[in-house]
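Undergrad: This is the content of coords_3.cif (mmCIF, C-alpha atoms and all ligand atoms):
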data_protein
loop_
_atom_site.group_PDB
_atom_site.id
_atom_site.type_symbol
_atom_site.label_atom_id
_atom_site.label_comp_id
_atom_site.auth_asym_id
_atom_site.auth_seq_id
_atom_site.Cartn_x
_atom_site.Cartn_y
_atom_site.Cartn_z
ATOM 1 C CA MET A 227 11.835 -0.570 47.558
ATOM 2 C CA ALA A 228 13.969 0.146 44.559
ATOM 3 C CA LEU A 229 16.119 -0.900 41.633
ATOM 4 C CA ILE A 230 19.739 0.048 42.195
ATOM 5 C CA LEU A 231 22.748 0.117 39.893
ATOM 6 C CA ASP A 232 25.901 0.129 41.963
ATOM 7 C CA HIS A 233 29.027 1.172 40.020
ATOM 8 C CA VAL A 234 28.024 -0.711 36.888
ATOM 9 C CA THR A 235 30.490 -0.949 34.019
ATOM 10 C CA TYR A 236 29.735 -2.932 30.881
ATOM 11 C CA GLU A 237 31.951 -3.823 27.943
ATOM 12 C CA TYR A 238 30.825 -5.479 24.711
ATOM 13 C CA GLY A 239 33.309 -7.927 23.211
ATOM 14 C CA GLY A 240 35.088 -8.156 26.560
ATOM 15 C CA GLY A 241 38.721 -9.236 26.404
ATOM 16 C CA THR A 242 39.061 -8.800 22.610
ATOM 17 C CA GLU A 243 40.619 -5.960 20.635
ATOM 18 C CA LEU A 244 37.124 -4.813 19.768
ATOM 19 C CA THR A 245 36.093 -4.082 23.332
ATOM 20 C CA VAL A 246 33.534 -1.258 23.545
ATOM 21 C CA ARG A 247 32.905 0.235 26.976
ATOM 22 C CA ALA A 248 29.181 1.019 26.763
ATOM 23 C CA LEU A 249 28.641 1.807 30.473
ATOM 24 C CA ASN A 250 31.240 3.430 32.648
ATOM 25 C CA ASP A 251 30.759 3.268 36.419
ATOM 26 C CA VAL A 252 27.032 4.011 36.454
ATOM 27 C CA SER A 253 25.304 4.302 39.836
ATOM 28 C CA LEU A 254 21.562 5.008 39.967
ATOM 29 C CA VAL A 255 18.679 4.518 42.377
ATOM 30 C CA ILE A 256 15.238 4.013 40.852
ATOM 31 C CA PRO A 257 12.711 4.247 43.694
ATOM 32 C CA ASP A 258 9.176 2.839 43.474
ATOM 33 C CA GLY A 259 6.600 4.950 41.699
ATOM 34 C CA GLN A 260 8.889 7.434 39.981
ATOM 35 C CA PHE A 261 8.494 8.458 36.325
ATOM 36 C CA ILE A 262 12.020 8.770 34.933
ATOM 37 C CA GLY A 263 13.179 9.972 31.527
ATOM 38 C CA LEU A 264 16.477 8.381 30.439
ATOM 39 C CA ILE A 265 17.904 10.659 27.770
ATOM 40 C CA GLY A 266 21.018 10.564 25.644
ATOM 41 C CA HIS A 267 22.348 10.812 22.133
ATOM 42 C CA THR A 268 22.486 7.618 20.008
ATOM 43 C CA GLY A 269 25.266 5.367 21.308
ATOM 44 C CA SER A 270 25.343 6.933 24.790
ATOM 45 C CA GLY A 271 24.486 3.594 26.444
ATOM 46 C CA LYS A 272 20.727 3.881 27.119
ATOM 47 C CA SER A 273 19.717 0.511 25.663
ATOM 48 C CA THR A 274 22.675 -1.183 27.325
ATOM 49 C CA LEU A 275 21.647 0.319 30.670
ATOM 50 C CA VAL A 276 17.998 -0.751 30.508
ATOM 51 C CA GLN A 277 18.955 -4.291 29.492
ATOM 52 C CA HIS A 278 20.840 -4.477 32.795
ATOM 53 C CA LEU A 279 17.715 -3.569 34.750
ATOM 54 C CA ASN A 280 15.941 -6.835 33.915
ATOM 55 C CA GLY A 281 19.066 -8.979 33.869
ATOM 56 C CA LEU A 282 19.348 -9.459 30.080
ATOM 57 C CA LEU A 283 22.919 -8.177 30.307
ATOM 58 C CA ALA A 284 25.165 -8.755 33.317
ATOM 59 C CA PRO A 285 27.659 -6.069 34.338
ATOM 60 C CA THR A 286 31.343 -6.536 33.573
ATOM 61 C CA SER A 287 31.836 -5.053 37.030
ATOM 62 C CA GLY A 288 29.440 -3.683 39.636
ATOM 63 C CA HIS A 289 26.088 -4.914 40.968
ATOM 64 C CA ILE A 290 22.362 -4.542 40.419
ATOM 65 C CA TYR A 291 19.917 -4.862 43.282
ATOM 66 C CA TYR A 292 16.166 -5.322 43.087
ATOM 67 C CA ASN A 293 14.376 -4.756 46.385
ATOM 68 C CA GLY A 294 17.630 -5.318 48.217
ATOM 69 C CA GLU A 295 18.685 -8.528 46.451
ATOM 70 C CA ASP A 296 21.581 -8.869 44.003
ATOM 71 C CA ILE A 297 19.899 -10.007 40.768
ATOM 72 C CA HIS A 298 22.966 -12.033 39.762
ATOM 73 C CA ASP A 299 23.059 -14.080 42.971
ATOM 74 C CA LYS A 300 22.750 -17.708 42.003
ATOM 75 C CA ASP A 301 19.474 -18.309 43.849
ATOM 76 C CA PHE A 302 17.789 -15.143 42.567
ATOM 77 C CA SER A 303 15.080 -15.943 39.997
ATOM 78 C CA LYS A 304 15.639 -14.059 36.706
ATOM 79 C CA LYS A 305 12.275 -15.276 35.505
ATOM 80 C CA LYS A 306 10.550 -13.602 38.419
ATOM 81 C CA LEU A 307 12.619 -10.460 37.892
ATOM 82 C CA ARG A 308 11.516 -10.256 34.241
ATOM 83 C CA SER A 309 7.871 -10.438 35.255
ATOM 84 C CA LYS A 310 8.379 -7.579 37.744
ATOM 85 C CA VAL A 311 10.672 -5.438 35.609
ATOM 86 C CA GLY A 312 9.128 -5.356 32.136
ATOM 87 C CA LEU A 313 11.165 -4.105 29.196
ATOM 88 C CA VAL A 314 9.548 -2.982 25.939
ATOM 89 C CA PHE A 315 12.279 -3.173 23.306
ATOM 90 C CA GLN A 316 13.411 -0.363 21.033
ATOM 91 C CA TYR A 317 12.179 -2.254 17.970
ATOM 92 C CA PRO A 318 8.760 -3.907 18.454
ATOM 93 C CA GLU A 319 9.740 -6.353 15.684
ATOM 94 C CA HIS A 320 12.234 -7.856 18.162
ATOM 95 C CA GLN A 321 9.451 -8.629 20.558
ATOM 96 C CA LEU A 322 6.434 -9.646 18.473
ATOM 97 C CA PHE A 323 6.829 -13.103 17.000
ATOM 98 C CA GLU A 324 3.613 -15.109 17.412
ATOM 99 C CA THR A 325 1.081 -15.686 14.623
ATOM 100 C CA ASP A 326 -1.449 -13.210 16.006
ATOM 101 C CA VAL A 327 -1.481 -10.325 18.463
ATOM 102 C CA PHE A 328 -3.573 -12.088 21.118
ATOM 103 C CA THR A 329 -1.282 -15.161 21.214
ATOM 104 C CA ASP A 330 1.664 -12.807 21.404
ATOM 105 C CA VAL A 331 0.299 -10.942 24.412
ATOM 106 C CA CYS A 332 -0.494 -14.320 26.093
ATOM 107 C CA PHE A 333 3.157 -15.365 25.824
ATOM 108 C CA GLY A 334 4.438 -13.555 28.935
ATOM 109 C CA PRO A 335 1.684 -14.550 31.398
ATOM 110 C CA LYS A 336 1.743 -18.124 30.000
ATOM 111 C CA ASN A 337 5.459 -18.263 30.753
ATOM 112 C CA LEU A 338 4.706 -17.249 34.335
ATOM 113 C CA GLY A 339 2.844 -20.556 34.657
ATOM 114 C CA LEU A 340 -0.620 -19.027 35.096
ATOM 115 C CA ASP A 341 -3.634 -21.152 34.107
ATOM 116 C CA LYS A 342 -5.147 -20.687 30.654
ATOM 117 C CA LYS A 343 -8.153 -18.675 31.788
ATOM 118 C CA GLU A 344 -6.029 -16.242 33.800
ATOM 119 C CA VAL A 345 -3.587 -15.920 30.883
ATOM 120 C CA GLN A 346 -6.412 -14.972 28.522
ATOM 121 C CA LEU A 347 -7.993 -12.559 31.005
ATOM 122 C CA ARG A 348 -4.662 -10.814 31.443
ATOM 123 C CA ALA A 349 -4.152 -10.593 27.680
ATOM 124 C CA PHE A 350 -7.605 -9.041 27.112
ATOM 125 C CA TRP A 351 -7.043 -6.635 29.989
ATOM 126 C CA ALA A 352 -3.637 -5.563 28.640
ATOM 127 C CA LEU A 353 -4.933 -5.113 25.080
ATOM 128 C CA LYS A 354 -7.779 -2.956 26.391
ATOM 129 C CA GLN A 355 -5.352 -0.922 28.525
ATOM 130 C CA VAL A 356 -3.240 -0.014 25.503
ATOM 131 C CA GLY A 357 -6.327 0.880 23.459
ATOM 132 C CA LEU A 358 -5.866 -1.553 20.578
ATOM 133 C CA PRO A 359 -9.146 -1.989 18.663
ATOM 134 C CA ASP A 360 -10.759 -5.455 18.909
ATOM 135 C CA ASP A 361 -10.312 -6.147 15.205
ATOM 136 C CA CYS A 362 -6.524 -6.123 15.678
ATOM 137 C CA PHE A 363 -6.511 -8.888 18.289
ATOM 138 C CA TYR A 364 -6.367 -11.811 15.865
ATOM 139 C CA GLN A 365 -4.273 -10.188 13.148
ATOM 140 C CA PRO A 366 -0.619 -11.069 12.553
ATOM 141 C CA PRO A 367 1.463 -8.468 14.487
ATOM 142 C CA PHE A 368 3.282 -7.526 11.281
ATOM 143 C CA ASP A 369 0.055 -6.305 9.665
ATOM 144 C CA LEU A 370 -0.331 -3.568 12.286
ATOM 145 C CA SER A 371 0.695 0.084 11.817
ATOM 146 C CA GLY A 372 3.809 1.413 13.600
ATOM 147 C CA GLY A 373 1.805 2.863 16.486
ATOM 148 C CA GLN A 374 -0.320 -0.281 16.839
ATOM 149 C CA LYS A 375 2.804 -2.487 16.923
ATOM 150 C CA ARG A 376 4.103 -0.360 19.798
ATOM 151 C CA ARG A 377 0.799 -0.805 21.616
ATOM 152 C CA ALA A 378 0.885 -4.578 21.074
ATOM 153 C CA ALA A 379 4.472 -4.744 22.378
ATOM 154 C CA ILE A 380 3.509 -2.681 25.443
ATOM 155 C CA ALA A 381 0.483 -4.950 26.051
ATOM 156 C CA GLY A 382 2.756 -8.009 25.978
ATOM 157 C CA VAL A 383 4.789 -6.604 28.859
ATOM 158 C CA LEU A 384 1.806 -5.139 30.715
ATOM 159 C CA ALA A 385 0.097 -8.552 30.736
ATOM 160 C CA MET A 386 2.726 -9.694 33.258
ATOM 161 C CA LYS A 387 1.596 -6.887 35.587
ATOM 162 C CA PRO A 388 5.117 -5.543 36.129
ATOM 163 C CA GLU A 389 6.054 -3.206 38.981
ATOM 164 C CA VAL A 390 8.550 -1.397 36.766
ATOM 165 C CA LEU A 391 7.784 -0.619 33.126
ATOM 166 C CA ILE A 392 10.750 0.305 30.926
ATOM 167 C CA LEU A 393 10.165 1.577 27.401
ATOM 168 C CA ASP A 394 13.174 1.863 25.097
ATOM 169 C CA GLU A 395 12.525 4.699 22.591
ATOM 170 C CA PRO A 396 8.787 3.985 22.305
ATOM 171 C CA THR A 397 8.265 6.972 19.993
ATOM 172 C CA ALA A 398 11.021 6.197 17.476
ATOM 173 C CA GLY A 399 9.732 6.148 13.920
ATOM 174 C CA LEU A 400 6.277 7.522 14.777
ATOM 175 C CA ASP A 401 4.789 10.712 13.334
ATOM 176 C CA PRO A 402 4.036 13.573 15.804
ATOM 177 C CA LYS A 403 0.446 12.422 16.339
ATOM 178 C CA GLY A 404 1.508 8.800 16.913
ATOM 179 C CA ARG A 405 4.227 10.053 19.243
ATOM 180 C CA ASP A 406 1.808 12.081 21.385
ATOM 181 C CA GLU A 407 -0.644 9.164 21.527
ATOM 182 C CA ILE A 408 2.017 6.765 22.805
ATOM 183 C CA LEU A 409 3.311 9.287 25.372
ATOM 184 C CA ASP A 410 -0.230 9.982 26.617
ATOM 185 C CA LEU A 411 -0.801 6.229 26.829
ATOM 186 C CA VAL A 412 2.351 5.718 28.912
ATOM 187 C CA ALA A 413 1.354 8.576 31.241
ATOM 188 C CA SER A 414 -2.134 7.139 31.727
ATOM 189 C CA LEU A 415 -0.825 3.595 32.318
ATOM 190 C CA LYS A 416 1.464 5.016 34.981
ATOM 191 C CA GLU A 417 -1.408 6.933 36.557
ATOM 192 C CA GLU A 418 -3.802 3.966 36.589
ATOM 193 C CA ASN A 419 -1.427 1.212 37.637
ATOM 194 C CA GLY A 420 0.964 3.139 39.870
ATOM 195 C CA MET A 421 4.019 1.535 38.293
ATOM 196 C CA THR A 422 7.548 2.877 38.206
ATOM 197 C CA VAL A 423 8.228 3.981 34.623
ATOM 198 C CA VAL A 424 11.548 4.487 32.833
ATOM 199 C CA LEU A 425 11.082 6.106 29.437
ATOM 200 C CA VAL A 426 14.119 6.090 27.162
ATOM 201 C CA SER A 427 14.378 8.766 24.498
ATOM 202 C CA HIS A 428 16.850 10.953 22.655
ATOM 203 C CA SER A 429 14.354 13.829 22.715
ATOM 204 C CA MET A 430 13.792 16.127 25.687
ATOM 205 C CA ASP A 431 10.484 17.160 24.121
ATOM 206 C CA ASP A 432 9.262 13.590 24.662
ATOM 207 C CA VAL A 433 9.728 13.725 28.406
ATOM 208 C CA ALA A 434 9.524 17.392 29.485
ATOM 209 C CA GLU A 435 5.769 17.330 30.055
ATOM 210 C CA TYR A 436 5.581 14.052 31.938
ATOM 211 C CA VAL A 437 8.528 12.918 34.024
ATOM 212 C CA ASP A 438 9.512 13.540 37.661
ATOM 213 C CA ARG A 439 13.195 13.168 36.963
ATOM 214 C CA ILE A 440 15.616 13.138 34.035
ATOM 215 C CA VAL A 441 18.780 11.068 33.839
ATOM 216 C CA VAL A 442 21.082 12.210 31.025
ATOM 217 C CA MET A 443 23.641 9.762 29.613
ATOM 218 C CA ASN A 444 26.725 10.738 27.654
ATOM 219 C CA LYS A 445 29.356 8.288 26.401
ATOM 220 C CA GLY A 446 28.349 5.576 28.877
ATOM 221 C CA SER A 447 28.209 7.803 31.956
ATOM 222 C CA VAL A 448 25.415 9.608 33.774
ATOM 223 C CA CYS A 449 26.091 13.329 33.469
ATOM 224 C CA PHE A 450 22.904 14.868 34.869
ATOM 225 C CA ASP A 451 20.323 13.362 37.214
ATOM 226 C CA ASP A 452 17.769 15.840 38.482
ATOM 227 C CA VAL A 453 14.273 17.294 38.133
ATOM 228 C CA PRO A 454 13.577 18.532 34.557
ATOM 229 C CA LYS A 455 13.926 22.237 35.432
ATOM 230 C CA GLN A 456 17.426 21.769 36.802
ATOM 231 C CA VAL A 457 18.552 19.598 33.892
ATOM 232 C CA PHE A 458 17.262 22.069 31.288
ATOM 233 C CA GLY A 459 19.269 24.811 32.964
ATOM 234 C CA HIS A 460 22.345 23.202 31.362
ATOM 235 C CA LYS A 461 21.395 24.224 27.826
ATOM 236 C CA GLU A 462 24.938 24.661 26.484
ATOM 237 C CA GLU A 463 26.289 21.430 27.966
ATOM 238 C CA LEU A 464 23.298 19.499 26.647
ATOM 239 C CA GLU A 465 23.801 20.959 23.190
ATOM 240 C CA SER A 466 27.460 19.960 23.249
ATOM 241 C CA MET A 467 26.264 16.362 23.782
ATOM 242 C CA GLY A 468 23.984 16.532 20.754
ATOM 243 C CA LEU A 469 20.861 17.065 22.859
ATOM 244 C CA SER A 470 18.550 20.026 22.959
ATOM 245 C CA VAL A 471 16.317 21.523 25.612
ATOM 246 C CA PRO A 472 12.555 21.357 24.916
ATOM 247 C CA GLN A 473 11.367 23.785 22.224
ATOM 248 C CA VAL A 474 9.495 25.944 24.763
ATOM 249 C CA THR A 475 12.622 26.299 26.909
ATOM 250 C CA ASP A 476 14.574 27.257 23.804
ATOM 251 C CA ILE A 477 12.049 30.000 23.020
ATOM 252 C CA MET A 478 12.454 31.444 26.523
ATOM 253 C CA HIS A 479 16.225 31.553 26.062
ATOM 254 C CA ALA A 480 15.720 33.340 22.722
ATOM 255 C CA LEU A 481 13.430 35.904 24.408
ATOM 256 C CA LYS A 482 16.075 36.584 27.024
ATOM 257 C CA LYS A 483 18.680 37.101 24.327
ATOM 258 C CA ALA A 484 16.298 39.466 22.555
ATOM 259 C CA GLY A 485 16.168 41.705 25.638
ATOM 260 C CA TRP A 486 13.576 40.229 28.017
ATOM 261 C CA GLN A 487 16.137 40.255 30.852
ATOM 262 C CA SER A 488 13.879 38.884 33.600
ATOM 263 C CA VAL A 489 12.192 36.098 31.611
ATOM 264 C CA ASP A 490 12.188 32.703 33.353
ATOM 265 C CA THR A 491 14.304 30.355 31.211
ATOM 266 C CA THR A 492 13.527 27.290 33.342
ATOM 267 C CA VAL A 493 10.084 26.925 31.764
ATOM 268 C CA THR A 494 9.589 23.403 30.439
ATOM 269 C CA THR A 495 5.942 23.030 29.463
ATOM 270 C CA LEU A 496 3.645 24.862 27.054
ATOM 271 C CA GLU A 497 1.332 25.894 29.887
ATOM 272 C CA GLU A 498 4.191 27.454 31.876
ATOM 273 C CA ALA A 499 5.488 29.230 28.768
ATOM 274 C CA LYS A 500 2.068 30.754 28.109
ATOM 275 C CA LYS A 501 1.842 32.080 31.691
ATOM 276 C CA GLU A 502 5.391 33.438 31.646
ATOM 277 C CA ILE A 503 4.978 35.249 28.323
ATOM 278 C CA LEU A 504 1.712 36.847 29.519
ATOM 279 C CA LYS A 505 3.393 37.892 32.759
ATOM 280 C CA GLN A 506 6.245 39.519 30.850
ATOM 281 C CA LEU A 507 3.849 41.315 28.496
ATOM 282 C CA HIS A 508 1.843 42.735 31.428
ATOM 283 C CA LYS A 509 5.083 43.929 33.029
ATOM 284 C CA ARG A 510 5.991 45.748 29.848
ATOM 285 C CA GLU A 511 2.627 47.542 29.764
ATOM 286 C CA GLU A 512 3.042 48.873 33.286
HETATM 287 P P1 LIG B 1 21.905 3.942 22.878
HETATM 288 O O1 LIG B 1 20.775 3.023 23.209
HETATM 289 O O2 LIG B 1 22.016 5.124 23.785
HETATM 290 O O3 LIG B 1 21.862 4.365 21.433
HETATM 291 P P2 LIG B 1 23.594 1.584 23.127
HETATM 292 O O4 LIG B 1 23.452 1.093 24.514
HETATM 293 O O5 LIG B 1 22.836 0.872 22.057
HETATM 294 O O6 LIG B 1 23.283 3.163 23.089
HETATM 295 O O7 LIG B 1 25.121 1.559 22.706
HETATM 296 C C1 LIG B 1 26.177 2.012 23.542
HETATM 297 C C2 LIG B 1 27.506 1.697 22.885
HETATM 298 O O8 LIG B 1 27.680 0.288 22.802
HETATM 299 C C3 LIG B 1 27.651 2.213 21.440
HETATM 300 O O9 LIG B 1 28.972 2.599 21.262
HETATM 301 C C4 LIG B 1 27.297 1.012 20.608
HETATM 302 O O10 LIG B 1 27.954 1.072 19.364
HETATM 303 C C5 LIG B 1 27.855 -0.123 21.460
HETATM 304 N N1 LIG B 1 27.091 -1.380 21.258
HETATM 305 C C6 LIG B 1 25.759 -1.550 21.417
HETATM 306 N N2 LIG B 1 25.398 -2.825 21.186
HETATM 307 C C7 LIG B 1 26.531 -3.489 20.869
HETATM 308 C C8 LIG B 1 26.837 -4.832 20.526
HETATM 309 N N3 LIG B 1 25.882 -5.768 20.476
HETATM 310 N N4 LIG B 1 28.128 -5.142 20.261
HETATM 311 C C9 LIG B 1 29.108 -4.206 20.321
HETATM 312 N N5 LIG B 1 28.896 -2.926 20.644
HETATM 313 C C10 LIG B 1 27.634 -2.557 20.916
HETATM 314 MG MG MG B 2 19.131 2.462 22.122
#
Show me this structure written as structure tokens.
TA:
Amino acid sequence: MALILDHVTYEYGGGTELTVRALNDVSLVIPDGQFIGLIGHTGSGKSTLVQHLNGLLAPTSGHIYYNGEDIHDKDFSKKKLRSKVGLVFQYPEHQLFETDVFTDVCFGPKNLGLDKKEVQLRAFWALKQVGLPDDCFYQPPFDLSGGQKRRAAIAGVLAMKPEVLILDEPTAGLDPKGRDEILDLVASLKEENGMTVVLVSHSMDDVAEYVDRIVVMNKGSVCFDDVPKQVFGHKEELESMGLSVPQVTDIMHALKKAGWQSVDTTVTTLEEAKKEILKQLHKREE
């Protein structure tokens, strides 16, 4: 089954002089189990798009289907949708509001109407999954570090056992170590729970190592939708949209420019780059 956007257009401030068209005729199929990177410059419409996937925003025109049903049909349960399609917001501060982390993580499963014991079991499970240390459980969410706040926000969504996990810029504001920890966490959650994952970022380096597919947004439209290697082949176009290819891909392009005519410029991971450079060096020795 899948989540489908069918010709979705969205305008903020509809009907006024201040109308902003944030999504322009976007069609996308998100099949079960895929790991998707949704990439675009600031203002390209990423957050607007993901808020459509769990019904927080309704399209100005077009439709969204979850497992074949239109999510804006009047007898479709939005509450159920939000438990199946979990969205971790761009700013964890917008999501964490209870007096302590544990109560916060209980909020979602409690809202699903589960009994108290099940709610607490789910909260403990989710907090363990995201690797928050026990001594954080009963602290106010605002006392946590940036990376820990992200983990708490992810736990709050995970506790509902969603089928689709959407993370809006989960690495924003983190240092490189915090960034890698969160990305590794997302990859391991995906691996263990078999969920569909949509990871929103403005950095190709965030997604190059992990995702099956990259969807690139520019000015409210999807401009590339392909496997990472194919997308990174469009270096110039990406740069004109304020995006860059991963650093390793950039290095391969620089090597080509410097005279390594046959170097593979579709390399996207460190491991591939290492192999390719060694291959080229051996060739030169022959
Ligand atoms: P991204 O997440 O890629 O940075 P957004 O979806 O936040 O992009 O924004 C897309 C466009 O919609 C931008 O032009 C932004 O200024 C505009 N926008 C976002 N939120 C609002 C809002 N609440 N009211 C009016 N315009 C908005
Ligand atoms: Mg955003």
Undergrad: When you look at Gly399 in chain A with a cut-off of 10 Å (counting all atoms listed in the file), what residues show up, excluding the ones that are within fewer than 4 positions of it in the same chain? I need them as an mmCIF file with C-alpha atoms, in the coordinates of the input.
TA:
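Output file selection-v7.cif is given in full below:
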data_model
loop_
_atom_site.group_PDB
_atom_site.id
_atom_site.type_symbol
_atom_site.label_atom_id
_atom_site.label_comp_id
_atom_site.auth_asym_id
_atom_site.auth_seq_id
_atom_site.Cartn_x
_atom_site.Cartn_y
_atom_site.Cartn_z
ATOM 1 C CA TYR A 317 12.179 -2.254 17.970
ATOM 2 C CA GLY A 372 3.809 1.413 13.600
ATOM 3 C CA GLY A 373 1.805 2.863 16.486
ATOM 4 C CA GLU A 395 12.525 4.699 22.591
ATOM 5 C CA GLY A 404 1.508 8.800 16.913
ATOM 6 C CA ARG A 405 4.227 10.053 19.243
#
Undergrad: Hey, which residues come within 10 Å of ligand LIG 1 (chain B) if we count only C-alpha atoms and all ligand atoms? Could you give them as a count of residues only?
TA: 35
Undergrad: I'd like the contact shell of Val311 in chain A - 6 Å cut-off, only C-alpha atoms, skipping same-chain residues fewer than 4 positions apart - returned as a ChimeraX atom specification.
TA: /A:280,307,388,390
Undergrad: Please list as a PDB file with C-alpha atoms, in the coordinates of the input every residue within 9 Å of Lys305 in chain A, counting only C-alpha atoms and excluding residues in the same chain fewer than 4 positions away.
TA:
ATOM      1  CA  SER A 309       7.871 -10.438  35.255  1.00  0.00           C
ATOM      2  CA  LYS A 310       8.379  -7.579  37.744  1.00  0.00           C
ATOM      3  CA  ASN A 337       5.459 -18.263  30.753  1.00  0.00           C
ATOM      4  CA  LEU A 338       4.706 -17.249  34.335  1.00  0.00           C
TER       5      LEU A 338
END
Undergrad: Can you tell me how far CA of Gln374 in chain A sits from CA of Asp410 in chain A, in Å to one decimal?
TA: 14.2 Å
Undergrad: For a quick check of understanding, using only C-alpha atoms and all ligand atoms, which of A:Pro285, A:Thr397, A:Thr235, A:Asn250 has the smallest distance to ligand MG 2 (chain B)?
TA: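 Residue with the minimum atom-to-atom distance to ligand MG 2 (chain B): A:Thr397.
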Undergrad: Could you list, as an MDAnalysis selection string, every residue within 12 Å of Lys500 in chain A, counting all atoms listed in the file and ignoring same-chain residues fewer than 6 positions away?
TA: chainID A and resid 474:475 477:478 489:490 493:494 506:507
Undergrad: Between A:Gly339, A:Gly259, A:Pro396, A:Pro318, which is the closest to Leu370 in chain A once you count only C-alpha atoms?
TA: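 When distances to Leu370 in chain A are compared using only C-alpha atoms, the smallest one comes from A:Pro318.
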Undergrad: Pick out the closest residue to ligand MG 2 (chain B) from this set: A:Gly294, A:Leu393, A:Lys354, A:Arg377. Count all atoms listed in the file.
TA: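 Ranked by minimum distance to ligand MG 2 (chain B), first place goes to A:Leu393.
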Undergrad: Between A:Val356, A:Ala379, A:Val331, A:Val453, single out the one closest to Glu319 in chain A, counting only C-alpha atoms.
TA: A:Ala379
